[in-house]
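Enquirer: Can you read through this structure? Questions will come right after.
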Amino acid sequence: MTDVQPALAPIPPALRRRRSPRRLLAAWGFGALGILTLVAVWELYKLLGPPDGVVIGDTRVLPRTSDLAMPHVWDMLARLGEPVTRSAEALPLWVVVAQAALVTLGIAAVGWLVAVAVGIGLALVMQRWRIAEWGLLPWIVLSQTIPLIAFAPVVRSWGSKVEIGAFEWQDWMSVALIASYLAFFPVAVGALKGLQSPDAIHVDLMHSYATGWWRTLIWLRFPAAVPYLLPALRLAAANAVIGAVVAEVSTGLQGGIGRILIQYAGQASGDPEKAWGPIFGSIVLGLVAAGSIAILGAVLKDYRRVEVNT
């Protein structure tokens with residue numbers, strides 16, 4: 001007798017797909033190879049490229065190869081270990097970048113949490129009522145066409161007028177709100193796709209047991225949505241970091257990595273290697289934010305849609 005079991009439980013241990021150490025090592029190896037290839041292309045172009053860059057018509061499509069425009073990779077890495085200024089008490093550049101990155105990461109994390117709550121809430125509404133999906137989904141997609149550079153100062157201006165009793169709006173809250181605005185979109189779309197993913201036979205089985213919408217949601221739809229939610233949460237984490245950095249640049253918030261990006265870029269004519277410090281920090285920050293979702297993925301890795309024949 002064949003019994004079709006919906007996604008009510010984790011996959012049995014015998015059916016789990018485990019990543020072998022060789023496959024994990026290969027993944028890290030390909031990642032390192034990609035970084036080395038990028039470094040090689042950078043240095044090769046600097047060595048062989050034209051001094052004035054590649055110009056097509058009146059447009060420069062590739063940069064100049066001077067040390068001012070394209071410092072050597074080893075010079076940029078060495079600059080990270082040097083003091084940020086000539087002051088005797090100045091911290092190394094990497095420490096300043098790390099401190100600013102932690103500030104931005106904390107703000108982005110708040111924005112990510114808000115985005116997850118809003119995105120999943122919208123997905124639940126759209127899954128529950130089809131007319132809500134018809135009405136909301138086009139506006140959710142359209143919302144991502146608004147440029148953050150222009151939107152961020154408006155949010156800060158509105159936020160500065162918010163005062164509720166002893167509560168007073170802080171500038172970092174505007175940055176977190178902008179980060180959440182950019183991050184909620186993949187969560188809403190991914191969660192909606194996941195909640196709608198169970199097969200009709202599984203939904204009918206729940207109905208045959210007289211299971212209500214909430215219990216069906218908890219025991220069937222949410223487990224089935226995990227494969228869709230994890231990539232969406234990872235993309236939302238990266239978007240939250242991008243939104244936080246852009247918002248810091250637009251609003252002028254002090255202490256974050258977006259601020260020192262602008263500050264050090266203005267000093268690039270005299271210290272070009274220094275300007276690349278916060279750029280490297282932003283890259284690492286995005287990787288950390290997206291990679292942290294792997295912890296959540298490790299917790300939820302067993303929950304997949306599966307049919308078990310007994």
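Ordering of the structure tokens sets the chain letters (A, B, ...); residue numbers start at 1 within each chain; ligands are numbered from 1 in the order shown.
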Apply DSSP to the backbone of this structure and, from segment 95-287 of chain A, keep only the residues in alpha helix (DSSP H); write these as an MDAnalysis selection string.

Expert: chainID A and resid 95:128 130:143 148:159 171:195 200:208 213:216 222:251 257:265 272:287

Enquirer: Can you work out which one of A:Arg234, A:Pro186, A:Val73, A:Gly256 has the shortest atom-to-atom distance to Leu38 of chain A, counting only C-alpha atoms?

Expert: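 Closest to Leu38 of chain A of all the choices is A:Val73.
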
Enquirer: Have a look at A:Gly194, A:Pro92, A:Pro231, A:Gly266 and name the one nearest to Ile293 of chain A; count only C-alpha atoms.

Expert: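 Of the candidates, the smallest distance to Ile293 of chain A is held by A:Pro231.
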
Enquirer: Residues at most 12 Å from Gly277 of chain A, counting only C-alpha atoms, excluding those fewer than 6 positions away in the same chain, as number ranges by chain?

Expert: A: 71, 73, 75-84, 92-98, 100-101, 257-258, 260-265, 268, 271, 283-284

Enquirer: Store the residues picked out above in a file with N, CA, C and O atoms, as a tab-separated table (two decimals), in the first residue's frame.

Expert:
chain	number	residue	atom	x	y	z
A	71	PRO	N	45.95	50.78	-8.33
A	71	PRO	CA	47.10	50.35	-7.52
A	71	PRO	C	47.29	48.84	-7.63
A	71	PRO	O	46.35	48.09	-7.94
A	73	VAL	N	47.57	45.08	-6.39
A	73	VAL	CA	46.78	44.38	-5.38
A	73	VAL	C	47.58	44.26	-4.08
A	73	VAL	O	47.04	44.47	-2.99
A	75	ASP	N	49.86	46.24	-2.98
A	75	ASP	CA	49.95	47.54	-2.33
A	75	ASP	C	48.66	47.85	-1.56
A	75	ASP	O	48.71	48.41	-0.45
A	76	MET	N	47.52	47.49	-2.13
A	76	MET	CA	46.24	47.73	-1.45
A	76	MET	C	46.14	46.87	-0.19
A	76	MET	O	45.66	47.34	0.85
A	77	LEU	N	46.59	45.62	-0.27
A	77	LEU	CA	46.53	44.75	0.90
A	77	LEU	C	47.51	45.22	1.97
A	77	LEU	O	47.21	45.17	3.17
A	78	ALA	N	48.70	45.69	1.55
A	78	ALA	CA	49.66	46.19	2.52
A	78	ALA	C	49.16	47.45	3.22
A	78	ALA	O	49.42	47.66	4.40
A	79	ARG	N	48.40	48.27	2.49
A	79	ARG	CA	47.88	49.51	3.08
A	79	ARG	C	46.89	49.22	4.20
A	79	ARG	O	46.74	50.02	5.14
A	80	LEU	N	46.23	48.08	4.16
A	80	LEU	CA	45.28	47.73	5.22
A	80	LEU	C	45.96	47.60	6.58
A	80	LEU	O	45.35	47.86	7.62
A	81	GLY	N	47.23	47.22	6.58
A	81	GLY	CA	47.94	47.06	7.84
A	81	GLY	C	48.61	48.32	8.34
A	81	GLY	O	49.16	48.33	9.45
A	82	GLU	N	48.59	49.39	7.55
A	82	GLU	CA	49.22	50.64	7.94
A	82	GLU	C	48.24	51.54	8.68
A	82	GLU	O	47.01	51.38	8.54
A	83	PRO	N	48.74	52.50	9.47
A	83	PRO	CA	47.84	53.42	10.18
A	83	PRO	C	46.98	54.22	9.20
A	83	PRO	O	47.41	54.55	8.09
A	84	VAL	N	45.77	54.52	9.62
A	84	VAL	CA	44.85	55.20	8.73
A	84	VAL	C	45.30	56.63	8.45
A	84	VAL	O	45.03	57.18	7.38
A	92	PRO	N	45.27	50.98	12.70
A	92	PRO	CA	45.45	50.44	11.34
A	92	PRO	C	44.17	50.58	10.51
A	92	PRO	O	43.06	50.57	11.05
A	93	LEU	N	44.38	50.69	9.23
A	93	LEU	CA	43.23	50.91	8.34
A	93	LEU	C	42.22	49.77	8.45
A	93	LEU	O	41.01	50.01	8.46
A	94	TRP	N	42.69	48.53	8.57
A	94	TRP	CA	41.75	47.41	8.62
A	94	TRP	C	40.88	47.46	9.88
A	94	TRP	O	39.71	47.03	9.84
A	95	VAL	N	41.43	48.00	10.97
A	95	VAL	CA	40.65	48.10	12.20
A	95	VAL	C	39.54	49.13	12.04
A	95	VAL	O	38.39	48.91	12.44
A	96	VAL	N	39.87	50.27	11.42
A	96	VAL	CA	38.87	51.32	11.20
A	96	VAL	C	37.77	50.80	10.27
A	96	VAL	O	36.58	51.02	10.52
A	97	VAL	N	38.17	50.10	9.22
A	97	VAL	CA	37.19	49.54	8.28
A	97	VAL	C	36.33	48.49	8.98
A	97	VAL	O	35.10	48.45	8.79
A	98	ALA	N	36.94	47.65	9.81
A	98	ALA	CA	36.17	46.61	10.52
A	98	ALA	C	35.16	47.23	11.49
A	98	ALA	O	34.02	46.76	11.60
A	100	ALA	N	33.75	50.21	11.26
A	100	ALA	CA	32.67	50.79	10.46
A	100	ALA	C	31.78	49.71	9.87
A	100	ALA	O	30.55	49.86	9.81
A	101	ALA	N	32.38	48.59	9.47
A	101	ALA	CA	31.59	47.49	8.90
A	101	ALA	C	30.65	46.88	9.95
A	101	ALA	O	29.52	46.50	9.62
A	257	ILE	N	30.25	52.18	7.18
A	257	ILE	CA	31.23	52.01	6.12
A	257	ILE	C	30.89	52.87	4.89
A	257	ILE	O	31.78	53.24	4.13
A	258	GLY	N	29.62	53.21	4.73
A	258	GLY	CA	29.25	54.08	3.62
A	258	GLY	C	29.87	55.46	3.75
A	258	GLY	O	30.26	56.08	2.76
A	260	ILE	N	32.77	56.26	5.35
A	260	ILE	CA	34.20	56.28	5.08
A	260	ILE	C	34.50	55.96	3.61
A	260	ILE	O	35.57	56.31	3.11
A	261	LEU	N	33.56	55.31	2.92
A	261	LEU	CA	33.72	55.14	1.48
A	261	LEU	C	33.84	56.50	0.79
A	261	LEU	O	34.74	56.72	-0.03
A	262	ILE	N	32.94	57.41	1.13
A	262	ILE	CA	32.97	58.75	0.54
A	262	ILE	C	34.18	59.53	1.04
A	262	ILE	O	34.86	60.22	0.27
A	263	GLN	N	34.47	59.41	2.32
A	263	GLN	CA	35.58	60.16	2.91
A	263	GLN	C	36.91	59.74	2.30
A	263	GLN	O	37.73	60.60	1.93
A	264	TYR	N	37.15	58.46	2.19
A	264	TYR	CA	38.43	57.99	1.66
A	264	TYR	C	38.51	58.17	0.15
A	264	TYR	O	39.61	58.32	-0.39
A	265	ALA	N	37.38	58.13	-0.53
A	265	ALA	CA	37.40	58.39	-1.97
A	265	ALA	C	37.87	59.82	-2.27
A	265	ALA	O	38.53	60.07	-3.28
A	268	ALA	N	41.67	59.95	-2.41
A	268	ALA	CA	42.31	58.98	-3.30
A	268	ALA	C	43.42	59.60	-4.13
A	268	ALA	O	44.35	58.89	-4.54
A	271	ASP	N	46.32	59.25	-1.69
A	271	ASP	CA	46.49	57.92	-1.08
A	271	ASP	C	45.51	56.96	-1.74
A	271	ASP	O	44.49	56.57	-1.15
A	283	ILE	N	32.80	44.41	0.51
A	283	ILE	CA	32.70	43.09	-0.10
A	283	ILE	C	32.61	42.01	0.97
A	283	ILE	O	31.75	41.11	0.92
A	284	VAL	N	33.51	42.09	1.95
A	284	VAL	CA	33.49	41.11	3.04
A	284	VAL	C	32.18	41.20	3.82
A	284	VAL	O	31.62	40.18	4.23

Enquirer: Name the residues in contact with Ala150 of chain A at a cut-off of 12 Å, using only C-alpha atoms, excluding same-chain residues fewer than 6 positions from it; report them as a CSV table (one decimal) with all heavy atoms, in the first residue's frame.

Expert:
chain,number,residue,atom,x,y,z
A,156,ARG,N,14.8,60.2,5.7
A,156,ARG,CA,15.5,60.8,6.8
A,156,ARG,C,14.7,62.1,7.2
A,156,ARG,O,14.5,62.3,8.4
A,156,ARG,CB,16.9,61.1,6.5
A,156,ARG,CG,17.6,61.7,7.7
A,156,ARG,CD,19.0,62.2,7.4
A,156,ARG,NE,19.7,62.7,8.5
A,156,ARG,CZ,20.9,63.3,8.5
A,156,ARG,NH1,21.6,63.4,7.4
A,156,ARG,NH2,21.5,63.8,9.6
A,157,SER,N,14.3,62.8,6.3
A,157,SER,CA,13.5,64.1,6.6
A,157,SER,C,12.2,63.7,7.3
A,157,SER,O,11.8,64.4,8.3
A,157,SER,CB,13.3,64.8,5.3
A,157,SER,OG,12.5,66.0,5.5
A,178,ILE,N,15.5,52.0,5.1
A,178,ILE,CA,15.8,51.9,3.7
A,178,ILE,C,16.4,50.6,3.4
A,178,ILE,O,16.1,50.0,2.3
A,178,ILE,CB,16.8,53.1,3.4
A,178,ILE,CG1,16.1,54.4,3.5
A,178,ILE,CG2,17.3,52.9,1.9
A,178,ILE,CD1,17.1,55.6,3.6
A,246,VAL,N,24.3,52.4,0.8
A,246,VAL,CA,23.8,53.5,0.0
A,246,VAL,C,23.1,54.5,0.9
A,246,VAL,O,23.2,55.7,0.6
A,246,VAL,CB,22.8,52.9,-1.1
A,246,VAL,CG1,22.2,54.1,-1.9
A,246,VAL,CG2,23.6,52.1,-2.1
A,247,ALA,N,22.3,54.1,1.8
A,247,ALA,CA,21.6,55.0,2.7
A,247,ALA,C,22.5,55.8,3.5
A,247,ALA,O,22.3,57.0,3.8
A,247,ALA,CB,20.6,54.3,3.6
A,249,VAL,N,25.5,56.7,2.7
A,249,VAL,CA,26.1,57.7,1.8
A,249,VAL,C,25.1,58.8,1.5
A,249,VAL,O,25.5,60.0,1.5
A,249,VAL,CB,26.5,57.0,0.4
A,249,VAL,CG1,26.9,58.1,-0.6
A,249,VAL,CG2,27.6,56.0,0.6
A,250,SER,N,23.9,58.5,1.3
A,250,SER,CA,22.9,59.5,1.0
A,250,SER,C,22.5,60.4,2.2
A,250,SER,O,22.2,61.6,2.0
A,250,SER,CB,21.6,58.9,0.4
A,250,SER,OG,22.0,58.1,-0.8
A,251,THR,N,22.4,59.8,3.3
A,251,THR,CA,22.0,60.5,4.5
A,251,THR,C,23.1,61.1,5.3
A,251,THR,O,22.9,62.0,6.2
A,251,THR,CB,21.1,59.6,5.5
A,251,THR,OG1,22.0,58.5,5.9
A,251,THR,CG2,19.9,59.1,4.7

Enquirer: Mind pulling up the distance from atom CA of Gly159 of chain A to atom CA of Ile279 of chain A?

Expert: 28.6 Å

Enquirer: Which neighbours of segment 136-142 of chain A fall inside 10 Å, counting only C-alpha atoms, when residues of the same chain fewer than 6 positions from it are skipped, and could you give them as a count of residues only?

Expert: 12

Enquirer: So which one's closest to Trp158 of chain A, A:Thr145, A:Gln170, A:Thr65, A:Ser292? Using only C-alpha atoms, please.

Expert: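 Distance minimum relative to Trp158 of chain A lands on A:Gln170.
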
Enquirer: Pick out the closest residue to Arg221 of chain A from this set: A:Leu124, A:Leu148, A:Leu233, A:Lys274. Count only C-alpha atoms.

Expert: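 Smallest separation from Arg221 of chain A among the options: A:Leu124.
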
Enquirer: Hey, can you check how far atom CA of Ile218 of chain A sits from atom CA of Leu113 of chain A?

Expert: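 Computed distance, atom CA of Ile218 of chain A to atom CA of Leu113 of chain A, equals 20.3 Å.
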
Enquirer: If you run DSSP on the backbone here, which positions in segment 45-84 of chain A get strand (DSSP E)? Please write them as a VMD selection string.

Expert: chain A and resid 54 to 56 59 to 62

Enquirer: Let me make sure I understand: among A:Leu287, A:Ala109, A:Val299, A:Leu217, which one has the smallest atom-to-atom distance to Val203 of chain A if we use only C-alpha atoms?

Expert: A:Leu217
